[in-house]
Structures are given as C-alpha cells and as structure tokens.
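Here's final-v6.cif, which has mmCIF, C-alpha atoms and all ligand atoms:
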```cif
data_entry
#
loop_
_atom_site.label_atom_id
_atom_site.label_comp_id
_atom_site.auth_asym_id
_atom_site.auth_seq_id
_atom_site.Cartn_x
_atom_site.Cartn_y
_atom_site.Cartn_z
CA MET A 1 170.75 -53.16 218.69
CA ARG A 2 173.43 -50.82 217.32
CA LEU A 3 172.47 -47.14 217.08
CA ASP A 4 172.95 -46.95 213.27
CA GLN A 5 170.87 -50.10 212.80
CA PHE A 6 168.11 -48.80 215.05
CA ILE A 7 167.90 -45.50 213.19
CA SER A 8 167.89 -47.10 209.74
CA SER A 9 165.16 -49.56 210.72
CA SER A 10 162.94 -46.95 212.31
CA SER A 11 163.29 -43.97 209.94
CA PRO A 12 163.47 -43.42 206.16
CA LEU A 13 167.30 -43.17 206.42
CA SER A 14 169.57 -45.83 204.93
CA ARG A 15 172.33 -47.28 207.16
CA LYS A 16 174.86 -44.92 205.52
CA GLU A 17 172.62 -41.87 206.00
CA ALA A 18 171.97 -42.93 209.60
CA ARG A 19 175.73 -43.02 210.27
CA ARG A 20 176.12 -39.52 208.81
CA ALA A 21 173.23 -38.24 210.94
CA ILE A 22 174.83 -39.76 214.07
CA HIS A 23 178.24 -38.24 213.28
CA ALA A 24 176.50 -34.88 212.76
CA GLY A 25 175.10 -35.08 216.33
CA ARG A 26 171.47 -35.45 215.23
CA ALA A 27 170.82 -38.57 217.36
CA GLU A 28 170.15 -38.66 221.10
CA VAL A 29 169.78 -41.63 223.41
CA ASP A 30 168.00 -40.93 226.68
CA GLY A 31 168.64 -37.23 226.26
CA GLU A 32 172.36 -37.47 225.41
CA VAL A 33 173.87 -36.91 221.97
CA TRP A 34 175.58 -40.12 220.79
CA LYS A 35 178.19 -39.93 218.03
CA ASP A 36 179.27 -43.58 218.16
CA THR A 37 177.40 -45.34 215.34
CA GLY A 38 178.09 -48.87 216.60
CA LYS A 39 177.24 -48.36 220.28
CA HIS A 40 174.50 -50.66 221.54
CA ILE A 41 171.28 -49.09 222.81
CA PRO A 42 170.17 -50.27 226.26
CA ALA A 43 166.75 -51.95 226.40
CA GLY A 44 163.94 -49.44 226.86
CA ALA A 45 166.08 -46.38 225.99
CA GLU A 46 164.48 -43.51 224.12
CA VAL A 47 166.15 -42.75 220.78
CA VAL A 48 165.50 -39.35 219.23
CA LEU A 49 166.47 -38.21 215.74
CA ASP A 50 166.27 -34.50 214.91
CA GLY A 51 164.08 -34.05 217.97
CA THR A 52 161.60 -36.83 217.01
CA PRO A 53 161.40 -40.01 219.12
CA LEU A 54 161.78 -43.23 217.07
CA THR A 55 160.32 -46.66 217.55
CA VAL A 56 161.48 -49.75 215.64
CA LYS A 57 158.86 -50.81 213.18
CA GLY A 58 158.26 -54.47 212.48
CA GLU A 59 157.72 -55.95 209.05
CA ARG A 60 155.30 -54.12 206.74
CA TYR A 61 152.48 -55.80 204.77
CA LEU A 62 150.38 -53.77 202.32
CA MET A 63 147.77 -54.30 199.65
CA LEU A 64 147.55 -52.00 196.65
CA ASN A 65 144.81 -51.74 194.05
CA LYS A 66 147.13 -51.63 191.06
CA PRO A 67 145.90 -49.48 188.18
CA ALA A 68 146.67 -50.31 184.54
CA GLY A 69 149.91 -48.79 183.21
CA VAL A 70 151.81 -49.24 186.48
CA VAL A 71 154.62 -51.78 186.47
CA SER A 72 155.12 -54.36 189.24
CA ALA A 73 158.68 -53.32 189.95
CA THR A 74 160.45 -51.33 192.59
CA ARG A 75 162.22 -49.19 189.97
CA ASP A 76 161.66 -48.45 186.29
CA SER A 77 163.23 -45.69 184.23
CA GLU A 78 160.22 -45.28 181.90
CA HIS A 79 156.99 -46.21 183.68
CA PRO A 80 155.44 -45.48 187.07
CA THR A 81 155.95 -48.35 189.49
CA ALA A 82 153.79 -49.77 192.27
CA LEU A 83 156.18 -48.22 194.79
CA ASP A 84 155.67 -44.77 193.26
CA LEU A 85 152.05 -44.97 194.44
CA LEU A 86 153.02 -45.32 198.11
CA PRO A 87 154.31 -42.68 200.56
CA ALA A 88 158.14 -42.74 200.55
CA GLU A 89 158.36 -43.60 204.25
CA LEU A 90 156.60 -46.93 203.62
CA THR A 91 158.63 -48.08 200.63
CA LYS A 92 161.97 -48.86 202.26
CA ASP A 93 162.90 -52.56 201.86
CA LEU A 94 159.47 -53.30 200.38
CA HIS A 95 159.15 -55.88 197.62
CA ILE A 96 156.26 -57.25 195.60
CA ALA A 97 154.78 -60.65 196.47
CA GLY A 98 153.52 -61.85 193.09
CA ARG A 99 153.84 -59.49 190.16
CA LEU A 100 151.14 -58.42 187.71
CA ASP A 101 151.58 -57.41 184.07
CA ALA A 102 151.50 -53.66 183.44
CA ASP A 103 148.01 -53.89 181.88
CA THR A 104 146.61 -56.10 184.69
CA THR A 105 144.74 -54.39 187.52
CA GLY A 106 143.83 -55.34 191.06
CA LEU A 107 145.33 -56.92 194.14
CA LEU A 108 149.07 -56.49 194.59
CA LEU A 109 150.72 -57.47 197.88
CA LEU A 110 153.87 -55.72 199.06
CA THR A 111 155.95 -56.60 202.09
CA THR A 112 159.35 -56.41 203.74
CA ASP A 113 158.98 -60.03 204.90
CA GLY A 114 160.80 -62.36 202.50
CA LYS A 115 159.58 -65.59 204.10
CA TRP A 116 155.97 -64.46 203.90
CA SER A 117 156.22 -63.44 200.23
CA HIS A 118 157.85 -66.77 199.45
CA ARG A 119 154.73 -68.51 200.73
CA VAL A 120 152.61 -66.33 198.41
CA THR A 121 154.66 -67.07 195.31
CA SER A 122 156.29 -70.48 195.74
CA PRO A 123 154.85 -73.12 193.40
CA ARG A 124 155.35 -75.63 196.22
CA VAL A 125 152.87 -73.77 198.43
CA ASP A 126 149.31 -74.03 197.17
CA CYS A 127 148.26 -70.37 197.43
CA PRO A 128 145.27 -69.80 195.10
CA LYS A 129 144.96 -66.58 193.12
CA THR A 130 141.63 -65.56 191.62
CA TYR A 131 141.39 -63.38 188.52
CA ARG A 132 138.41 -61.81 186.80
CA VAL A 133 139.07 -62.35 183.13
CA GLY A 134 137.36 -60.48 180.28
CA LEU A 135 137.48 -62.51 177.04
CA ASN A 136 137.17 -61.58 173.40
CA THR A 137 134.94 -64.59 172.56
CA PRO A 138 132.50 -66.56 174.75
CA ILE A 139 134.10 -69.33 176.82
CA THR A 140 133.21 -72.82 175.56
CA ASP A 141 132.48 -75.95 177.62
CA SER A 142 135.50 -77.69 176.11
CA ALA A 143 137.77 -74.75 177.08
CA ILE A 144 136.47 -74.92 180.66
CA GLU A 145 137.13 -78.65 180.75
CA GLU A 146 140.67 -78.20 179.43
CA LEU A 147 141.43 -75.43 181.95
CA GLU A 148 140.03 -77.51 184.81
CA THR A 149 142.00 -80.59 183.79
CA GLY A 150 145.39 -78.85 183.54
CA ILE A 151 146.56 -77.76 180.12
CA LEU A 152 150.04 -77.97 178.66
CA LEU A 153 151.28 -74.52 177.67
CA HIS A 154 153.43 -73.92 174.62
CA ASN A 155 157.16 -74.14 175.55
CA ASP A 156 156.40 -75.39 179.09
CA PRO A 157 157.47 -78.95 179.89
CA LYS A 158 154.98 -79.47 182.74
CA PRO A 159 151.18 -79.19 182.45
CA MET A 160 149.47 -76.55 184.54
CA LYS A 161 147.81 -77.59 187.75
CA PRO A 162 144.02 -77.81 187.30
CA ALA A 163 142.35 -74.38 187.46
CA GLN A 164 138.84 -73.54 188.66
CA VAL A 165 136.54 -71.67 186.31
CA LYS A 166 133.38 -69.81 187.27
CA VAL A 167 131.42 -68.35 184.38
CA VAL A 168 130.05 -64.89 185.28
CA GLU A 169 128.95 -64.03 181.74
CA PRO A 170 129.84 -65.77 178.46
CA GLN A 171 132.80 -63.40 177.99
CA LEU A 172 133.65 -62.92 181.67
CA ILE A 173 135.04 -65.66 183.91
CA GLU A 174 136.63 -65.98 187.33
CA LEU A 175 139.70 -68.15 187.08
CA THR A 176 141.51 -69.53 190.13
CA ILE A 177 145.06 -70.80 189.74
CA SER A 178 147.70 -71.72 192.27
CA GLU A 179 150.85 -71.19 190.23
CA GLY A 180 152.37 -67.94 188.98
CA ARG A 181 154.08 -68.63 185.69
CA TYR A 182 154.96 -65.88 183.24
CA HIS A 183 151.79 -64.37 181.66
CA GLN A 184 150.05 -67.45 182.95
CA VAL A 185 146.38 -66.48 182.59
CA LYS A 186 146.86 -64.93 179.15
CA ARG A 187 148.76 -68.00 177.94
CA MET A 188 146.16 -70.40 179.39
CA LEU A 189 143.34 -68.64 177.59
CA ALA A 190 145.35 -68.44 174.35
CA ALA A 191 145.99 -72.20 174.63
CA VAL A 192 142.23 -72.82 174.56
CA GLY A 193 141.74 -70.54 171.54
CA ASN A 194 140.54 -67.41 173.35
CA HIS A 195 142.14 -64.04 174.10
CA VAL A 196 142.27 -62.03 177.34
CA GLU A 197 140.89 -58.52 176.89
CA ALA A 198 140.96 -57.47 180.57
CA LEU A 199 142.57 -59.02 183.63
CA HIS A 200 141.98 -58.10 187.27
CA ARG A 201 143.28 -59.96 190.35
CA GLN A 202 140.61 -60.22 193.03
CA SER A 203 142.23 -62.36 195.71
CA ILE A 204 145.34 -64.17 196.89
CA GLY A 205 144.54 -66.98 199.31
CA ALA A 206 142.06 -65.57 201.84
CA ILE A 207 143.10 -61.95 201.11
CA SER A 208 140.60 -60.16 198.86
CA LEU A 209 141.08 -56.77 197.30
CA ASP A 210 139.37 -54.28 199.64
CA PRO A 211 136.40 -52.84 197.70
CA LYS A 212 136.97 -49.51 199.49
CA LEU A 213 140.31 -49.08 197.69
CA GLU A 214 140.09 -47.04 194.53
CA ALA A 215 142.58 -47.70 191.73
CA GLY A 216 145.98 -46.64 193.09
CA GLY A 217 144.79 -46.88 196.74
CA TYR A 218 146.54 -48.96 199.37
CA ARG A 219 146.16 -50.07 202.97
CA GLU A 220 148.06 -52.12 205.54
CA LEU A 221 146.98 -55.75 205.89
CA THR A 222 145.19 -56.77 209.07
CA GLU A 223 146.81 -59.24 211.49
CA GLN A 224 144.27 -61.81 210.32
CA GLU A 225 145.13 -61.31 206.64
CA ILE A 226 148.86 -61.59 207.39
CA ALA A 227 148.33 -64.80 209.38
CA SER A 228 146.15 -66.31 206.64
CA ILE A 229 149.20 -66.86 204.40
CA ARG A 230 150.95 -69.91 205.81
N1 LIG B 1 148.56 -63.92 184.40
C1 LIG B 1 148.83 -63.06 183.40
O1 LIG B 1 148.83 -63.43 182.25
N2 LIG B 1 149.13 -61.79 183.75
C2 LIG B 1 149.09 -61.32 185.01
O2 LIG B 1 149.34 -60.13 185.23
C3 LIG B 1 148.80 -62.23 186.03
C4 LIG B 1 148.53 -63.52 185.71
#
```
Can the structure in the file be given as structure tokens, please?
Amino acid sequence: MRLDQFISSSSPLSRKEARRAIHAGRAEVDGEVWKDTGKHIPAGAEVVLDGTPLTVKGERYLMLNKPAGVVSATRDSEHPTALDLLPAELTKDLHIAGRLDADTTGLLLLTTDGKWSHRVTSPRVDCPKTYRVGLNTPITDSAIEELETGILLHNDPKPMKPAQVKVVEPQLIELTISEGRYHQVKRMLAAVGNHVEALHRQSIGAISLDPKLEAGGYRELTEQEIASIR
C-alpha cells in the first residue's frame, strides 16, 4: 500500500492531509522519515505518524441508539446528526444503513462497508425491520388484516409486502416490515385510518438494539452481528 493511503486509512487524516503530513516529515517507516507520499510500504513495516504507531483498520460497523431530534444524515446545517454523536475518529467514511425520520428513535446502523449496507437496505434482500409503534387510536382487527395482507399506499404503484403485526397493547404494536420506503410505517398506519404517535426501531434482521445503550449511546457490532446480515 502507498504511504499516503496507509496513513489516511489508519488515522483521522484525509488523503490530502496525509500527503501534507508526509511532506512535513511527520511520517516514519521502520524508523526512517519518508517524504515520498506514493512510496509503497513493505509488508510488516512499522509506520509511525507524529510518534504514534499506526495500524490499518478494517471496515467499521456500529449501532447507535438514535434519540429524537437527531437527523439520519452525515451532515446538516441546522440539526444535530447521527455522526455528531460519535467520536470524530470513528466517523470517517461512515454512512447510515437505513435512515430513520428525525422524530423516530432506536436502532441505527452505521458502517464504512457499502456492500454490507446494501444488504440491509435493498428491497431485493429480505431484511426484516421491527418497529414499536405507538398509535393514537386502538388498532382494529381489520387494520391488522390489511397490514398483514400488503396494503397499497397512496401514490405508490406497488402494494407493500405483507407486514407482521404483534399487538402489545391496543395502542401499541410491534410491526415488522422488510422494505424501507419513505415514511413507510407512518404511511402504512395512515392508510388503515390510524396515526403514529411514537416510533422506535428495535431490530434489523438478527441485530437488536442493545438494551444497555442509552439514547445517544453507541457500540461496535460483534462479529456475529456483522455476519448475520447476508
Ligand atoms: N417508517 C417511518 O415512517 N419512519 C421511520 O423513521 C422509519 C420507518
């Protein structure tokens, strides 16, 4: 790997900043200062930046317990974003695998691995997402039947895939869907004459929100959780 590439993939520096650091003599390979940004590092060499040894990190996979009021974006000029809740050194090249509305809380997955996030979000991959949904009127049997059959949403040409509904209380359900259309849960409930008062994502596939995470808390996914998305 080239020295500038190594430094940018193993430190918070961008490729441009890595080049500047190398030109400034801040990088050493096996104890020697290297000023050639494109020189290839021999296998097993020790690379040091500003006196700190670096190791190349692999892809990153995180879960965040998203609080209300935080937007599922990497940047926003007005509102705090999911990335603002993470330490800066973890956020480089991170993107969100399956957004939530600003007022929705719960499980948000973030990764640097584009192929993995595609499997979370692609409508062609059946990756179920379960939401706890607070309603403003009790759910009716006919609404459950419609949701479980696959309703046609206003302005959408294709009906939804059948959802699964578990009634927790008359005005609180767990809804499992495998698509991720725009405002999907809110629109599904509106289509059956109800209204979503509170929405919280509990799980994505076999990955459940860690109950130890307070609102705004995050942790890295385990190897098992990462491998469960296929
Ligand atoms: N469906 C919605 O309506 N909003 C979300 O945030 C997620 C699913």
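Excluding Leu189 in chain A and any residue on its chain fewer than 5 positions from it, the residues at most 9 Å away by all atoms listed in the file are Leu135, Ala143, Leu147, Gln184, Asn194, His195 and Val196 of chain A.
Between Val56 in chain A and the residues A:Ser10, A:Pro170, A:Ser178, A:Ile204, the shortest atom-to-atom distance, using only C-alpha atoms, involves A:Ser10.
Between Asp156 in chain A and the candidates A:Met188, A:Arg99, A:Thr121, A:Pro128, the tightest atom-to-atom separation, counting only C-alpha atoms, involves A:Met188.
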| message | To one decimal place in Å, what is the distance between CA of Ile173 in chain A and CA of Lys129 in chain A? | response | 13.6 Å
| request: Calculate how many Å separate CA of Leu221 in chain A from CA of Val133 in chain A, rounding to one decimal. | output: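 Taking CA of Leu221 in chain A and CA of Val133 in chain A, their separation equals 25.0 Å.
With all atoms listed in the file as the atoms that count, the minimum distance from Glu225 in chain A to the choices A:Gln202, A:Ser208, A:Thr176, A:Thr137 is reached by A:Ser208.
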Could you list, as an mmCIF file with C-alpha atoms, in the frame of the given file, all protein and nucleic acid residues with an atom at most 6 Å from ligand LIG 1 (chain B), counting all atoms listed in the file?
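Heads up, here's the output in selection_2.cif:
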```cif
data_model
loop_
_atom_site.group_PDB
_atom_site.id
_atom_site.type_symbol
_atom_site.label_atom_id
_atom_site.label_comp_id
_atom_site.auth_asym_id
_atom_site.auth_seq_id
_atom_site.Cartn_x
_atom_site.Cartn_y
_atom_site.Cartn_z
ATOM 1 C CA LEU A 100 151.140 -58.420 187.710
ATOM 2 C CA ASP A 101 151.580 -57.410 184.070
ATOM 3 C CA THR A 104 146.610 -56.100 184.690
ATOM 4 C CA HIS A 183 151.790 -64.370 181.660
ATOM 5 C CA GLN A 184 150.050 -67.450 182.950
ATOM 6 C CA VAL A 185 146.380 -66.480 182.590
ATOM 7 C CA LYS A 186 146.860 -64.930 179.150
#
```
Rows by chain and residue number, range 28-96 of chain A within 12 Å of range 211-215 of chain A, shortest pair, only C-alpha atoms, as a tab-separated table:
```
residue	atom	partner	partner_atom	distance
A:Met63	CA	A:Leu213	CA	9.3
A:Leu64	CA	A:Leu213	CA	7.9
A:Asn65	CA	A:Ala215	CA	5.2
A:Lys66	CA	A:Ala215	CA	6.0
A:Pro67	CA	A:Ala215	CA	5.2
A:Ala68	CA	A:Ala215	CA	8.7
A:Gly69	CA	A:Ala215	CA	11.3
A:Val70	CA	A:Ala215	CA	10.7
A:Ala82	CA	A:Ala215	CA	11.4
A:Leu85	CA	A:Ala215	CA	10.2
```
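Going from CA of Leu110 in chain A over to CA of Thr52 in chain A, you cover 27.2 Å.
Closest approach to Gln164 in chain A from the set A:Asn136, A:Thr149, A:Thr105, A:Thr74 is made by A:Thr149, with distances taken over all atoms listed in the file.
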